[in-house]
file target_10.csv (CSV, C-alpha atoms (C1' of nucleotides))
chain,number,residue,atom,x,y,z
A,1,MET,CA,9.5,4.0,-16.8
A,2,GLN,CA,7.2,6.5,-18.5
A,3,THR,CA,3.5,6.6,-18.4
A,4,ARG,CA,0.8,8.3,-20.4
A,5,ILE,CA,-1.4,8.8,-17.4
A,6,SER,CA,-1.3,12.6,-17.4
A,7,GLN,CA,-1.5,12.8,-21.1
A,8,TYR,CA,-4.6,10.7,-21.3
A,9,ARG,CA,-6.0,12.4,-18.3
A,10,LYS,CA,-5.7,15.8,-19.8
A,11,GLU,CA,-7.0,14.7,-23.2
A,12,ARG,CA,-10.1,13.4,-21.6
A,13,LYS,CA,-10.3,16.3,-19.1
A,14,VAL,CA,-10.3,14.1,-16.1
A,15,THR,CA,-8.9,15.5,-12.8
A,16,GLN,CA,-6.4,13.6,-10.7
A,17,GLU,CA,-9.0,13.3,-8.0
A,18,GLU,CA,-11.6,11.8,-10.4
A,19,LEU,CA,-9.1,9.3,-11.7
A,20,ALA,CA,-8.0,8.5,-8.1
A,21,ASP,CA,-11.6,7.9,-7.1
A,22,ALA,CA,-12.3,5.8,-10.2
A,23,VAL,CA,-9.4,3.4,-9.5
A,24,ASN,CA,-9.8,3.6,-5.7
A,25,VAL,CA,-6.5,5.1,-4.6
A,26,THR,CA,-5.6,8.5,-3.2
A,27,ARG,CA,-4.8,11.5,-5.2
A,28,GLN,CA,-1.3,11.3,-3.8
A,29,THR,CA,-0.9,7.9,-5.6
A,30,ILE,CA,-1.9,9.4,-8.9
A,31,ILE,CA,0.5,12.4,-8.4
A,32,SER,CA,3.3,10.0,-7.5
A,33,LEU,CA,2.7,7.8,-10.6
A,34,GLU,CA,2.5,10.8,-12.9
A,35,SER,CA,5.7,12.4,-11.5
A,36,GLY,CA,7.5,9.1,-11.7
A,37,LYS,CA,8.1,8.9,-8.0
A,38,TYR,CA,7.2,5.2,-8.1
A,39,LYS,CA,5.7,2.6,-10.3
A,40,ALA,CA,2.2,1.3,-10.3
A,41,SER,CA,1.4,-2.1,-9.0
A,42,LEU,CA,0.1,-4.6,-11.6
A,43,VAL,CA,-3.5,-4.3,-10.4
A,44,LEU,CA,-3.5,-0.6,-10.3
A,45,ALA,CA,-1.9,-0.4,-13.8
A,46,HIS,CA,-4.7,-2.6,-15.0
A,47,LYS,CA,-7.4,-0.5,-13.5
A,48,ILE,CA,-5.9,2.7,-14.9
A,49,ALA,CA,-5.5,1.2,-18.3
A,50,GLN,CA,-9.1,-0.1,-18.2
A,51,PHE,CA,-10.4,3.3,-17.1
A,52,PHE,CA,-8.9,4.8,-20.3
A,53,GLY,CA,-9.8,1.8,-22.3
A,54,VAL,CA,-6.3,0.9,-23.4
A,55,ALA,CA,-3.9,-2.0,-22.8
A,56,ILE,CA,-1.4,-1.8,-20.0
A,57,GLU,CA,1.5,-1.7,-22.5
A,58,GLU,CA,0.0,1.4,-24.0
A,59,MET,CA,-0.4,3.3,-20.8
A,60,PHE,CA,3.0,2.3,-19.3
A,61,ILE,CA,6.1,2.5,-21.4
A,62,PHE,CA,8.9,0.2,-20.4
A,63,ASP,CA,12.4,1.3,-21.2
A,64,LYS,CA,15.6,-0.5,-21.1
A,65,GLU,CA,16.4,1.0,-17.7
A,66,ASP,CA,13.5,-1.0,-16.4
A,67,GLU,CA,15.8,-4.1,-16.2
A,68,ASN,CA,15.4,-3.6,-12.5
A,69,LEU,CA,12.0,-4.3,-11.0
B,1,MET,CA,-5.7,-12.9,-9.4
B,2,GLN,CA,-4.8,-15.8,-11.6
B,3,THR,CA,-1.8,-16.2,-13.9
B,4,ARG,CA,-1.0,-18.4,-16.8
B,5,ILE,CA,2.7,-18.6,-15.9
B,6,SER,CA,2.8,-22.2,-15.0
B,7,GLN,CA,0.6,-23.1,-17.9
B,8,TYR,CA,2.7,-21.4,-20.5
B,9,ARG,CA,5.9,-22.5,-18.8
B,10,LYS,CA,4.9,-26.2,-19.0
B,11,GLU,CA,3.6,-25.8,-22.6
B,12,ARG,CA,7.0,-24.5,-23.6
B,13,LYS,CA,8.9,-26.9,-21.4
B,14,VAL,CA,10.7,-24.1,-19.4
B,15,THR,CA,11.7,-24.8,-15.9
B,16,GLN,CA,11.0,-22.3,-13.0
B,17,GLU,CA,14.7,-21.7,-12.8
B,18,GLU,CA,15.1,-21.0,-16.5
B,19,LEU,CA,12.2,-18.5,-16.4
B,20,ALA,CA,13.6,-17.0,-13.2
B,21,ASP,CA,17.0,-16.5,-14.8
B,22,ALA,CA,15.4,-15.1,-18.0
B,23,VAL,CA,13.5,-12.4,-16.1
B,24,ASN,CA,16.2,-11.9,-13.5
B,25,VAL,CA,14.5,-12.9,-10.3
B,26,THR,CA,15.0,-15.9,-8.0
B,27,ARG,CA,13.2,-19.2,-8.4
B,28,GLN,CA,11.4,-18.4,-5.2
B,29,THR,CA,9.7,-15.4,-6.9
B,30,ILE,CA,8.4,-17.6,-9.7
B,31,ILE,CA,7.1,-20.2,-7.3
B,32,SER,CA,5.4,-17.5,-5.3
B,33,LEU,CA,3.8,-16.0,-8.3
B,34,GLU,CA,2.6,-19.3,-9.6
B,35,SER,CA,1.2,-20.3,-6.3
B,36,GLY,CA,-0.5,-17.0,-5.9
B,37,LYS,CA,1.4,-16.0,-2.8
B,38,TYR,CA,1.7,-12.5,-4.1
B,39,LYS,CA,1.3,-10.5,-7.3
B,40,ALA,CA,4.0,-9.6,-9.7
B,41,SER,CA,5.2,-6.0,-10.0
B,42,LEU,CA,4.3,-4.2,-13.2
B,43,VAL,CA,7.9,-4.5,-14.6
B,44,LEU,CA,8.2,-8.2,-13.7
B,45,ALA,CA,4.8,-8.8,-15.2
B,46,HIS,CA,5.9,-7.1,-18.4
B,47,LYS,CA,9.2,-9.2,-18.5
B,48,ILE,CA,7.3,-12.4,-18.0
B,49,ALA,CA,4.7,-11.6,-20.6
B,50,GLN,CA,7.5,-10.6,-23.0
B,51,PHE,CA,9.4,-13.8,-22.4
B,52,PHE,CA,6.4,-15.7,-23.6
B,53,GLY,CA,5.5,-13.2,-26.3
B,54,VAL,CA,2.1,-12.3,-25.1
B,55,ALA,CA,0.4,-9.2,-23.6
B,56,ILE,CA,0.3,-8.7,-19.9
B,57,GLU,CA,-3.5,-9.0,-19.9
B,58,GLU,CA,-3.1,-12.5,-21.4
B,59,MET,CA,-0.6,-13.7,-18.8
B,60,PHE,CA,-2.3,-12.2,-15.8
B,61,ILE,CA,-6.0,-12.6,-15.3
B,62,PHE,CA,-7.7,-9.9,-13.2
B,63,ASP,CA,-10.8,-11.0,-11.4
B,64,LYS,CA,-13.4,-8.9,-9.6
B,65,GLU,CA,-11.6,-9.7,-6.3
B,66,ASP,CA,-8.7,-7.6,-7.5
B,67,GLU,CA,-10.6,-4.5,-6.5
B,68,ASN,CA,-7.9,-4.3,-3.9
B,69,LEU,CA,-4.4,-3.6,-5.0
C,1,DT,C1',15.9,-48.5,-6.3
C,2,DT,C1',19.1,-45.0,-6.2
C,3,DT,C1',20.1,-40.6,-7.9
C,4,DA,C1',19.5,-36.0,-10.0
C,5,DA,C1',16.6,-32.5,-11.5
C,6,DA,C1',12.5,-29.9,-10.6
C,7,DA,C1',9.3,-28.2,-7.6
C,8,DG,C1',7.7,-26.8,-3.0
C,9,DT,C1',7.8,-24.8,2.0
C,10,DA,C1',9.4,-21.7,5.6
C,11,DA,C1',11.3,-17.7,7.8
C,12,DG,C1',13.6,-13.4,8.4
C,13,DG,C1',15.1,-9.1,6.0
C,14,DT,C1',15.0,-5.0,2.6
C,15,DA,C1',12.9,-1.9,-0.6
C,16,DA,C1',9.2,0.2,-2.5
C,17,DA,C1',4.1,0.9,-3.3
C,18,DC,C1',0.5,3.0,-1.2
C,19,DT,C1',-1.8,5.5,2.7
C,20,DT,C1',-2.9,9.5,5.6
C,21,DT,C1',-2.5,14.1,6.9
C,22,DA,C1',-1.3,18.7,6.3
C,23,DC,C1',0.3,22.5,4.0
C,24,DA,C1',1.7,25.2,-0.4
C,25,DT,C1',1.2,26.8,-5.1
C,26,DA,C1',-1.1,27.6,-9.5
C,27,DT,C1',-4.9,28.7,-12.4
C,28,DA,C1',-9.0,30.7,-13.6
C,29,DA,C1',-13.5,32.6,-12.7
C,30,DG,C1',-16.4,36.0,-10.2
D,1,DC,C1',-8.5,41.1,-5.5
D,2,DT,C1',-10.8,37.1,-3.7
D,3,DT,C1',-12.3,32.6,-3.9
D,4,DA,C1',-12.6,27.8,-5.5
D,5,DT,C1',-10.7,24.1,-8.0
D,6,DA,C1',-6.7,21.6,-9.4
D,7,DT,C1',-2.1,20.4,-8.7
D,8,DG,C1',2.1,19.8,-6.0
D,9,DT,C1',5.4,18.7,-1.9
D,10,DA,C1',6.6,16.5,2.4
D,11,DA,C1',6.9,13.1,6.0
D,12,DA,C1',5.8,9.2,8.8
D,13,DG,C1',3.5,4.7,8.8
D,14,DT,C1',1.7,0.1,6.8
D,15,DT,C1',1.8,-3.5,3.6
D,16,DT,C1',3.8,-6.5,0.3
D,17,DA,C1',6.9,-7.7,-3.5
D,18,DC,C1',11.1,-9.7,-3.7
D,19,DC,C1',15.5,-11.6,-1.7
D,20,DT,C1',18.4,-15.0,0.7
D,21,DT,C1',19.2,-19.3,2.7
D,22,DA,C1',18.2,-23.7,3.9
D,23,DC,C1',15.6,-27.8,4.0
D,24,DT,C1',11.8,-31.1,2.0
D,25,DT,C1',9.2,-33.5,-1.5
D,26,DT,C1',8.1,-34.9,-6.1
D,27,DT,C1',9.2,-36.7,-10.7
D,28,DA,C1',11.6,-39.2,-13.8
D,29,DA,C1',15.4,-41.5,-15.7
D,30,DA,C1',19.5,-44.7,-15.1
call {"tool": "encode", "arguments": {"input": "target_10.csv", "output": "structure tokens"}}
result
Amino acid sequence: MQTRISQYRKERKVTQEELADAVNVTRQTIISLESGKYKASLVLAHKIAQFFGVAIEEMFIFDKEDENL
Amino acid sequence: MQTRISQYRKERKVTQEELADAVNVTRQTIISLESGKYKASLVLAHKIAQFFGVAIEEMFIFDKEDENL
DNA sequence: TTTAAAAGTAAGGTAAACTTTACATATAAG
DNA sequence: CTTATATGTAAAGTTTACCTTACTTTTAAA
């Protein structure tokens, strides 16, 4: 599963820490999501999408490999 | 967090088991999501929304209480 | 009114999302 | 070169999404 987190973040010149604070998680969580270490929860996905003003499906890109949860 | 899973499911006359099979989880998982026992993962939310042909934000309703993940 | 299908409840287990802490590297400005 | 800011890595711990199994209740149709 791909995300546009780092792309959107850089475009809008937001640091990982700023984003982490805005959505109320640690910087580690943002790093892990950006690096694909694990997938966001639904609520976190929603908060991140909201932060950037886009739909969840636009921030998070679901591939065929995501047959598995 | 509220969901429209059972609403959409009844409207379209789909059983819990049919939905479970379609998105590749157990019936227990559907029951637990409908009863609010826990929240869907992002991928599962996407599959359920896709099954019903709507956006994630339409199937899953995020309230203020969802400040917590 | 019996039966079958659908829905619900309960409990123990696994995997993964997220946390915390601490240290390392990169980048750029002074 | 030094310092500050941003990014990255690692590891151990907690919580929770999801699974499996098994049993109970509701609904509706024969």
call {"tool": "residues_around", "arguments": {"input": "target_10.csv", "residues": "stretch 4-10 of chain C", "least_positions_apart": "4", "cutoff": "8 Å", "atoms": "all atoms listed in the file", "output": "list in words"}}
result
Thr15 and Ile31 of chain B; DT24, DT25, DT26 and DT27 of chain D
call {"tool": "residues_near_point", "arguments": {"input": "target_10.csv", "point": "(6.5, -0.5, -3.4)", "cutoff": "10 Å", "atoms": "all atoms listed in the file", "output": "list in words"}}
result
Tyr38, Lys39, Ala40 and Ser41 of chain A; Ser41 of chain B; DA15, DA16, DA17 and DC18 of chain C; DT15, DT16 and DA17 of chain D
call {"tool": "closest_atom_pairs", "arguments": {"input": "target_10.csv", "of": "chain A", "to": "chain B", "cutoff": "10 Å", "atoms": "all atoms listed in the file", "output": "Markdown table"}}
result
| residue | atom | partner | partner_atom | distance |
| --- | --- | --- | --- | --- |
| A:Met1 | CA | B:Val43 | CA | 8.9 |
| A:Val23 | CA | B:Glu67 | CA | 8.5 |
| A:Asn24 | CA | B:Glu67 | CA | 8.2 |
| A:Val25 | CA | B:Leu69 | CA | 9.0 |
| A:Lys39 | CA | B:Leu42 | CA | 7.5 |
| A:Ala40 | CA | B:Leu42 | CA | 6.6 |
| A:Ser41 | CA | B:Leu42 | CA | 5.5 |
| A:Leu42 | CA | B:Leu42 | CA | 4.5 |
| A:Val43 | CA | B:Leu69 | CA | 5.5 |
| A:Leu44 | CA | B:Leu69 | CA | 6.2 |
| A:Ala45 | CA | B:Leu42 | CA | 7.3 |
| A:His46 | CA | B:Phe62 | CA | 8.1 |
| A:Lys47 | CA | B:Glu67 | CA | 8.7 |
| A:Ala55 | CA | B:Glu57 | CA | 7.6 |
| A:Ile56 | CA | B:Ile56 | CA | 7.1 |
| A:Glu57 | CA | B:Ile56 | CA | 7.6 |
| A:Phe60 | CA | B:Leu42 | CA | 9.0 |
| A:Ile61 | CA | B:Val43 | CA | 9.9 |
| A:Phe62 | CA | B:Val43 | CA | 7.5 |
| A:Asp63 | CA | B:Val43 | CA | 9.9 |
| A:Asp66 | CA | B:Val43 | CA | 6.8 |
| A:Glu67 | CA | B:Val43 | CA | 8.1 |
| A:Asn68 | CA | B:Val43 | CA | 7.8 |
| A:Leu69 | CA | B:Val43 | CA | 5.5 |
call {"tool": "atom_distance", "arguments": {"input": "target_10.csv", "atom1": "atom CA of A:Gly36", "atom2": "atom CA of A:Gln2"}}
result
7.3 Å
call {"tool": "interface_residues", "arguments": {"input": "target_10.csv", "of": "chain D", "to": "chain A", "cutoff": "9 Å", "atoms": "all atoms listed in the file", "output": "count of residues only"}}
result
3
call {"tool": "residues_around", "arguments": {"input": "target_10.csv", "residues": "stretch 11-13 of chain B", "least_positions_apart": "4", "cutoff": "12 Å", "atoms": "all atoms listed in the file", "output": "MDAnalysis selection string"}}
result
(chainID B and resid 4:7 17:19 51:53) or (chainID C and resid 6)
call {"tool": "atom_distance", "arguments": {"input": "target_10.csv", "atom1": "atom CA of A:Leu33", "atom2": "atom CA of B:Asp21"}}
result
28.5 Å
call {"tool": "atom_distance", "arguments": {"input": "target_10.csv", "atom1": "atom CA of A:Glu34", "atom2": "atom CA of A:Thr3"}}
result
7.0 Å
call {"tool": "closest_residue", "arguments": {"input": "target_10.csv", "among": "B:Met59, B:Ala22, B:Ile30, B:Val54", "to": "chain C", "atoms": "only C-alpha atoms (C1' of nucleotides)"}}
result
B:Ile30
call {"tool": "closest_residue", "arguments": {"input": "target_10.csv", "among": "C:DC23, C:DG30, C:DT2, C:DA11", "to": "D:DC1", "atoms": "all atoms listed in the file"}}
result
C:DG30
call {"tool": "closest_residue", "arguments": {"input": "target_10.csv", "among": "A:Thr29, A:Ile48, A:Ala20, A:Tyr8", "to": "chain C", "atoms": "all atoms listed in the file"}}
result
A:Thr29
call {"tool": "build_atoms", "arguments": {"input": "target_10.csv", "residues": "stretch 8-35 of chain B", "atoms": "N, CA and C atoms", "output": "mmCIF file, in the coordinates of the input"}}
result
data_model
loop_
_atom_site.group_PDB
_atom_site.id
_atom_site.type_symbol
_atom_site.label_atom_id
_atom_site.label_comp_id
_atom_site.auth_asym_id
_atom_site.auth_seq_id
_atom_site.Cartn_x
_atom_site.Cartn_y
_atom_site.Cartn_z
ATOM 1 N N TYR B 8 1.853 -21.676 -19.368
ATOM 2 C CA TYR B 8 2.700 -21.400 -20.500
ATOM 3 C C TYR B 8 4.102 -21.991 -20.323
ATOM 4 N N ARG B 9 4.556 -21.990 -19.061
ATOM 5 C CA ARG B 9 5.900 -22.500 -18.800
ATOM 6 C C ARG B 9 5.925 -24.014 -19.137
ATOM 7 N N LYS B 10 4.882 -24.747 -18.758
ATOM 8 C CA LYS B 10 4.900 -26.200 -19.000
ATOM 9 C C LYS B 10 4.689 -26.448 -20.540
ATOM 10 N N GLU B 11 3.804 -25.676 -21.159
ATOM 11 C CA GLU B 11 3.600 -25.800 -22.600
ATOM 12 C C GLU B 11 4.905 -25.701 -23.360
ATOM 13 N N ARG B 12 5.713 -24.786 -22.908
ATOM 14 C CA ARG B 12 7.000 -24.500 -23.600
ATOM 15 C C ARG B 12 8.170 -25.221 -22.997
ATOM 16 N N LYS B 13 7.863 -26.066 -22.017
ATOM 17 C CA LYS B 13 8.900 -26.900 -21.400
ATOM 18 C C LYS B 13 10.053 -25.993 -20.832
ATOM 19 N N VAL B 14 9.677 -25.002 -20.068
ATOM 20 C CA VAL B 14 10.700 -24.100 -19.400
ATOM 21 C C VAL B 14 10.593 -24.416 -17.934
ATOM 22 N N THR B 15 11.735 -24.563 -17.305
ATOM 23 C CA THR B 15 11.700 -24.800 -15.900
ATOM 24 C C THR B 15 11.569 -23.461 -15.115
ATOM 25 N N GLN B 16 11.179 -23.553 -13.852
ATOM 26 C CA GLN B 16 11.000 -22.300 -13.000
ATOM 27 C C GLN B 16 12.372 -21.594 -12.993
ATOM 28 N N GLU B 17 13.437 -22.368 -12.907
ATOM 29 C CA GLU B 17 14.700 -21.700 -12.800
ATOM 30 C C GLU B 17 15.116 -21.002 -14.118
ATOM 31 N N GLU B 18 14.811 -21.621 -15.233
ATOM 32 C CA GLU B 18 15.100 -21.000 -16.500
ATOM 33 C C GLU B 18 14.320 -19.661 -16.644
ATOM 34 N N LEU B 19 13.060 -19.715 -16.287
ATOM 35 C CA LEU B 19 12.200 -18.500 -16.400
ATOM 36 C C LEU B 19 12.778 -17.443 -15.395
ATOM 37 N N ALA B 20 13.080 -17.885 -14.179
ATOM 38 C CA ALA B 20 13.600 -17.000 -13.200
ATOM 39 C C ALA B 20 14.871 -16.268 -13.704
ATOM 40 N N ASP B 21 15.770 -17.043 -14.254
ATOM 41 C CA ASP B 21 17.000 -16.500 -14.800
ATOM 42 C C ASP B 21 16.693 -15.500 -15.939
ATOM 43 N N ALA B 22 15.766 -15.903 -16.799
ATOM 44 C CA ALA B 22 15.400 -15.100 -18.000
ATOM 45 C C ALA B 22 14.898 -13.710 -17.571
ATOM 46 N N VAL B 23 14.123 -13.662 -16.504
ATOM 47 C CA VAL B 23 13.500 -12.400 -16.100
ATOM 48 C C VAL B 23 14.251 -11.778 -14.913
ATOM 49 N N ASN B 24 15.337 -12.450 -14.537
ATOM 50 C CA ASN B 24 16.200 -11.900 -13.500
ATOM 51 C C ASN B 24 15.632 -11.768 -12.124
ATOM 52 N N VAL B 25 14.939 -12.824 -11.702
ATOM 53 C CA VAL B 25 14.500 -12.900 -10.300
ATOM 54 C C VAL B 25 14.907 -14.291 -9.797
ATOM 55 N N THR B 26 14.639 -14.571 -8.542
ATOM 56 C CA THR B 26 15.000 -15.900 -8.000
ATOM 57 C C THR B 26 13.870 -16.878 -8.314
ATOM 58 N N ARG B 27 14.209 -18.138 -8.167
ATOM 59 C CA ARG B 27 13.200 -19.200 -8.400
ATOM 60 C C ARG B 27 12.077 -19.053 -7.408
ATOM 61 N N GLN B 28 12.396 -18.614 -6.195
ATOM 62 C CA GLN B 28 11.400 -18.400 -5.200
ATOM 63 C C GLN B 28 10.279 -17.449 -5.678
ATOM 64 N N THR B 29 10.698 -16.421 -6.369
ATOM 65 C CA THR B 29 9.700 -15.400 -6.900
ATOM 66 C C THR B 29 8.780 -16.083 -7.857
ATOM 67 N N ILE B 30 9.307 -16.889 -8.756
ATOM 68 C CA ILE B 30 8.400 -17.600 -9.700
ATOM 69 C C ILE B 30 7.469 -18.506 -9.001
ATOM 70 N N ILE B 31 7.993 -19.282 -8.060
ATOM 71 C CA ILE B 31 7.100 -20.200 -7.300
ATOM 72 C C ILE B 31 6.011 -19.392 -6.608
ATOM 73 N N SER B 32 6.389 -18.274 -5.986
ATOM 74 C CA SER B 32 5.400 -17.500 -5.300
ATOM 75 C C SER B 32 4.344 -16.889 -6.200
ATOM 76 N N LEU B 33 4.751 -16.493 -7.379
ATOM 77 C CA LEU B 33 3.800 -16.000 -8.300
ATOM 78 C C LEU B 33 2.851 -17.064 -8.820
ATOM 79 N N GLU B 34 3.426 -18.220 -9.129
ATOM 80 C CA GLU B 34 2.600 -19.300 -9.600
ATOM 81 C C GLU B 34 1.632 -19.824 -8.582
ATOM 82 N N SER B 35 2.071 -19.800 -7.336
ATOM 83 C CA SER B 35 1.200 -20.300 -6.300
ATOM 84 C C SER B 35 0.276 -19.229 -5.730
#
